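Shown here: protein-v2.pdb, PDB, C-alpha atoms.
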ATOM      1  CA  MET A  26      36.466  21.823 -16.369  1.00  0.00           C
ATOM      2  CA  SER A  27      35.072  18.995 -18.404  1.00  0.00           C
ATOM      3  CA  ALA A  28      31.421  18.624 -19.205  1.00  0.00           C
ATOM      4  CA  PRO A  29      29.544  15.782 -17.509  1.00  0.00           C
ATOM      5  CA  GLN A  30      29.351  12.703 -19.658  1.00  0.00           C
ATOM      6  CA  PRO A  31      25.907  11.482 -20.671  1.00  0.00           C
ATOM      7  CA  GLN A  32      24.628   8.311 -19.035  1.00  0.00           C
ATOM      8  CA  SER A  33      25.118   5.303 -21.262  1.00  0.00           C
ATOM      9  CA  THR A  34      22.098   3.112 -21.790  1.00  0.00           C
ATOM     10  CA  PRO A  35      22.510  -0.456 -20.535  1.00  0.00           C
ATOM     11  CA  PHE A  36      22.959  -3.190 -23.103  1.00  0.00           C
ATOM     12  CA  LYS A  37      19.687  -5.061 -23.554  1.00  0.00           C
ATOM     13  CA  LEU A  38      19.619  -8.297 -25.482  1.00  0.00           C
ATOM     14  CA  LEU A  39      16.607  -8.320 -27.835  1.00  0.00           C
ATOM     15  CA  GLY A  40      15.429  -5.181 -26.043  1.00  0.00           C
ATOM     16  CA  ILE A  41      14.311  -7.247 -23.050  1.00  0.00           C
ATOM     17  CA  LEU A  42      17.154  -8.868 -21.139  1.00  0.00           C
ATOM     18  CA  ASP A  43      19.381  -6.353 -19.344  1.00  0.00           C
ATOM     19  CA  VAL A  44      22.625  -8.307 -19.510  1.00  0.00           C
ATOM     20  CA  GLU A  45      24.625  -5.894 -17.333  1.00  0.00           C
ATOM     21  CA  ASN A  46      22.310  -5.778 -14.324  1.00  0.00           C
ATOM     22  CA  ILE A  47      20.643  -9.211 -14.203  1.00  0.00           C
ATOM     23  CA  PRO A  48      22.748 -11.773 -12.346  1.00  0.00           C
ATOM     24  CA  CYS A  49      23.686 -14.838 -14.422  1.00  0.00           C
ATOM     25  CA  ALA A  50      22.427 -13.382 -17.730  1.00  0.00           C
ATOM     26  CA  ARG A  51      25.839 -12.676 -19.222  1.00  0.00           C
ATOM     27  CA  ASP A  52      27.349 -16.055 -18.380  1.00  0.00           C
ATOM     28  CA  SER A  53      24.267 -17.928 -19.559  1.00  0.00           C
ATOM     29  CA  ILE A  54      24.261 -16.164 -22.928  1.00  0.00           C
ATOM     30  CA  LEU A  55      27.994 -16.714 -23.418  1.00  0.00           C
ATOM     31  CA  TYR A  56      27.862 -20.399 -22.522  1.00  0.00           C
ATOM     32  CA  GLY A  57      24.749 -20.802 -24.678  1.00  0.00           C
ATOM     33  CA  SER A  58      26.569 -19.287 -27.646  1.00  0.00           C
ATOM     34  CA  LEU A  59      29.484 -21.636 -27.151  1.00  0.00           C
ATOM     35  CA  GLY A  60      27.101 -24.581 -26.808  1.00  0.00           C
ATOM     36  CA  SER A  61      25.382 -23.554 -30.023  1.00  0.00           C
ATOM     37  CA  VAL A  62      28.632 -23.465 -31.974  1.00  0.00           C
ATOM     38  CA  VAL A  63      29.837 -26.772 -30.555  1.00  0.00           C
ATOM     39  CA  ALA A  64      26.516 -28.556 -31.139  1.00  0.00           C
ATOM     40  CA  GLY A  65      25.973 -27.162 -34.642  1.00  0.00           C
ATOM     41  CA  LEU A  66      29.522 -27.635 -35.832  1.00  0.00           C
ATOM     42  CA  GLY A  67      29.757 -31.091 -34.297  1.00  0.00           C
ATOM     43  CA  HIS A  68      26.525 -32.179 -35.970  1.00  0.00           C
ATOM     44  CA  PHE A  69      27.675 -30.745 -39.293  1.00  0.00           C
ATOM     45  CA  LEU A  70      31.005 -32.565 -39.117  1.00  0.00           C
ATOM     46  CA  LEU A  71      29.208 -35.838 -38.402  1.00  0.00           C
ATOM     47  CA  THR A  72      26.353 -35.569 -40.932  1.00  0.00           C
ATOM     48  CA  SER A  73      27.196 -32.772 -43.431  1.00  0.00           C
ATOM     49  CA  ARG A  74      23.558 -31.644 -43.326  1.00  0.00           C
ATOM     50  CA  ILE A  75      23.548 -27.856 -43.173  1.00  0.00           C
ATOM     51  CA  ARG A  76      19.927 -27.116 -42.296  1.00  0.00           C
ATOM     52  CA  ARG A  77      19.699 -29.824 -39.672  1.00  0.00           C
ATOM     53  CA  SER A  78      23.002 -28.633 -38.156  1.00  0.00           C
ATOM     54  CA  CYS A  79      21.593 -25.122 -37.809  1.00  0.00           C
ATOM     55  CA  ASP A  80      18.543 -26.550 -36.044  1.00  0.00           C
ATOM     56  CA  VAL A  81      20.803 -28.527 -33.706  1.00  0.00           C
ATOM     57  CA  GLY A  82      22.823 -25.348 -33.059  1.00  0.00           C
ATOM     58  CA  VAL A  83      19.698 -23.407 -32.094  1.00  0.00           C
ATOM     59  CA  GLY A  84      18.569 -26.266 -29.895  1.00  0.00           C
ATOM     60  CA  GLY A  85      22.008 -26.419 -28.297  1.00  0.00           C
ATOM     61  CA  PHE A  86      21.841 -22.690 -27.578  1.00  0.00           C
ATOM     62  CA  ILE A  87      18.450 -23.016 -25.891  1.00  0.00           C
ATOM     63  CA  VAL A  88      19.379 -26.074 -23.828  1.00  0.00           C
ATOM     64  CA  VAL A  89      22.770 -24.782 -22.670  1.00  0.00           C
ATOM     65  CA  THR A  90      21.475 -21.266 -21.952  1.00  0.00           C
ATOM     66  CA  LEU A  91      18.544 -22.501 -19.887  1.00  0.00           C
ATOM     67  CA  GLY A  92      20.699 -25.071 -18.101  1.00  0.00           C
ATOM     68  CA  CYS A  93      23.295 -22.469 -17.137  1.00  0.00           C
ATOM     69  CA  TRP A  94      20.577 -19.956 -16.219  1.00  0.00           C
ATOM     70  CA  PHE A  95      18.754 -22.279 -13.814  1.00  0.00           C
ATOM     71  CA  HIS A  96      21.977 -23.597 -12.287  1.00  0.00           C
ATOM     72  CA  CYS A  97      23.340 -20.100 -11.705  1.00  0.00           C
ATOM     73  CA  ARG A  98      20.047 -18.712 -10.367  1.00  0.00           C
ATOM     74  CA  TYR A  99      19.703 -21.649  -7.971  1.00  0.00           C
ATOM     75  CA  ASN A 100      23.192 -21.034  -6.593  1.00  0.00           C
ATOM     76  CA  TYR A 101      22.505 -17.272  -6.458  1.00  0.00           C
ATOM     77  CA  ALA A 102      19.307 -17.812  -4.464  1.00  0.00           C
ATOM     78  CA  LYS A 103      21.106 -20.210  -2.106  1.00  0.00           C
ATOM     79  CA  LEU A 104      23.832 -17.617  -1.546  1.00  0.00           C
ATOM     80  CA  ARG A 105      21.261 -14.889  -0.846  1.00  0.00           C
ATOM     81  CA  ILE A 106      19.566 -17.098   1.776  1.00  0.00           C
ATOM     82  CA  GLN A 107      22.916 -17.825   3.452  1.00  0.00           C
ATOM     83  CA  GLU A 108      23.738 -14.099   3.482  1.00  0.00           C
ATOM     84  CA  ARG A 109      20.358 -13.272   5.018  1.00  0.00           C
ATOM     85  CA  LEU A 110      20.807 -15.905   7.739  1.00  0.00           C
ATOM     86  CA  ALA A 111      24.314 -14.630   8.508  1.00  0.00           C
ATOM     87  CA  ARG A 112      23.027 -11.038   8.679  1.00  0.00           C
ATOM     88  CA  GLU A 113      20.255 -12.052  11.091  1.00  0.00           C
ATOM     89  CA  GLY A 114      22.721 -14.013  13.206  1.00  0.00           C
ATOM     90  CA  ILE A 115      25.089 -11.064  13.454  1.00  0.00           C
ATOM     91  CA  LYS A 116      22.189  -8.746  14.317  1.00  0.00           C
ATOM     92  CA  ASN A 117      20.985 -11.114  17.063  1.00  0.00           C
ATOM     93  CA  LYS A 118      24.526 -11.528  18.410  1.00  0.00           C
ATOM     94  CA  ILE A 119      24.883  -7.761  18.711  1.00  0.00           C
ATOM     95  CA  LEU A 120      21.402  -7.399  20.190  1.00  0.00           C
ATOM     96  CA  TYR A 121      21.629 -10.175  22.815  1.00  0.00           C
ATOM     97  CA  GLU A 122      25.320 -10.014  23.682  1.00  0.00           C
ATOM     98  CA  SER A 123      25.951  -9.812  27.461  1.00  0.00           C
ATOM     99  CA  THR A 124      22.255 -10.165  28.346  1.00  0.00           C
ATOM    100  CA  HIS A 125      20.425 -12.992  30.034  1.00  0.00           C
ATOM    101  CA  LEU A 126      18.983 -13.923  26.611  1.00  0.00           C
ATOM    102  CA  ASP A 127      22.425 -14.585  25.111  1.00  0.00           C
ATOM    103  CA  PRO A 128      22.415 -18.249  23.973  1.00  0.00           C
ATOM    104  CA  ALA A 129      26.209 -18.408  24.132  1.00  0.00           C
ATOM    105  CA  ARG A 130      26.177 -17.513  27.798  1.00  0.00           C
ATOM    106  CA  LYS A 131      26.027 -20.625  29.949  1.00  0.00           C
ATOM    107  CA  GLN A 132      23.774 -20.448  32.970  1.00  0.00           C
ATOM    108  CA  THR A 133      24.992 -22.678  35.739  1.00  0.00           C
ATOM    109  CA  ASN A 134      22.782 -23.788  38.550  1.00  0.00           C
ATOM    110  CA  GLY A 135      24.473 -23.927  41.926  1.00  0.00           C
ATOM    111  CA  GLY A 136      22.592 -26.888  43.380  1.00  0.00           C
ATOM    112  CA  GLY A 137      21.730 -29.900  41.284  1.00  0.00           C
ATOM    113  CA  SER A 138      18.297 -30.881  42.532  1.00  0.00           C
ATOM    114  CA  SER A 139      16.748 -33.891  40.872  1.00  0.00           C
ATOM    115  CA  ASN A 140      13.347 -35.483  41.449  1.00  0.00           C
TER     116      ASN A 140
END

Show how you would write the structure in this file as structure tokens.
Amino acid sequence: MSAPQPQSTPFKLLGILDVENIPCARDSILYGSLGSVVAGLGHFLLTSRIRRSCDVGVGGFIVVTLGCWFHCRYNYAKLRIQERLAREGIKNKILYESTHLDPARKQTNGGGSSN
């Protein structure tokens, strides 16, 4: 028999951001890193100013990370709302199926009386 393996601690970026368990964190950090390299290197190739290129790289990281974060979280929240509505619809379908409260069941009136 093998001994139980110890639980591994989750990877936390800067000790705060749990990249494994927070939705969108991993993708945002990766795209931000790529944006940083592209922005910094592109600025350096155009101007040959090292310090300013580093500043542009940091700015590119912040802008791309936040942009990806908000875009992903917006889509994640929209998906959660759609899932909740679908769950409620399925629950109501099961609850009201074959009853007089079933909205899918058409009630027909025998005589059409109009005033």

Counting all atoms listed in the file, which residue out of A:Ala102, A:Asn46, A:Leu66, A:Lys116 sits closest to Asp80 of chain A?
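Result for the nearest residue to Asp80 of chain A: A:Leu66.
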
Closest of A:Ala64, A:Leu126, A:Ile75, A:Leu120 to Val89 of chain A, counting all atoms listed in the file, is A:Ala64

Can you turn the PyMOL selection byres ((chain A and resi 53) around 8) into a concrete residue list for this file, as a ChimeraX atom specification?
/A:49-52,54-57,89-91,93-94

May I ask for the distance between atom CA of Ser73 of chain A and atom CA of Ser61 of chain A, given in Å to one decimal place?
16.4 Å

If I take atom CA of Pro48 of chain A and atom CA of Phe95 of chain A, how far is one from the other in Å, to one decimal?
11.3 Å

Produce the centre coordinates and the three edge lengths, each in Å to one decimal, of the box along x, y and z that contains all listed atoms of segment 54-62 of chain A with 4 Å added on each side, as lines of an AutoDock Vina configuration file.
center_x = 26.9
center_y = -20.4
center_z = -27.2
size_x = 13.2
size_y = 16.4
size_z = 17.5

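Proximity ranking of A:Lys103, A:His125, A:Arg112, A:His68 relative to Gly85 of chain A places A:His68 first, based on only C-alpha atoms.
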
Interatomic distance, atom CA of His96 of chain A to atom CA of Gly67 of chain A (Å, one decimal)
24.5 Å
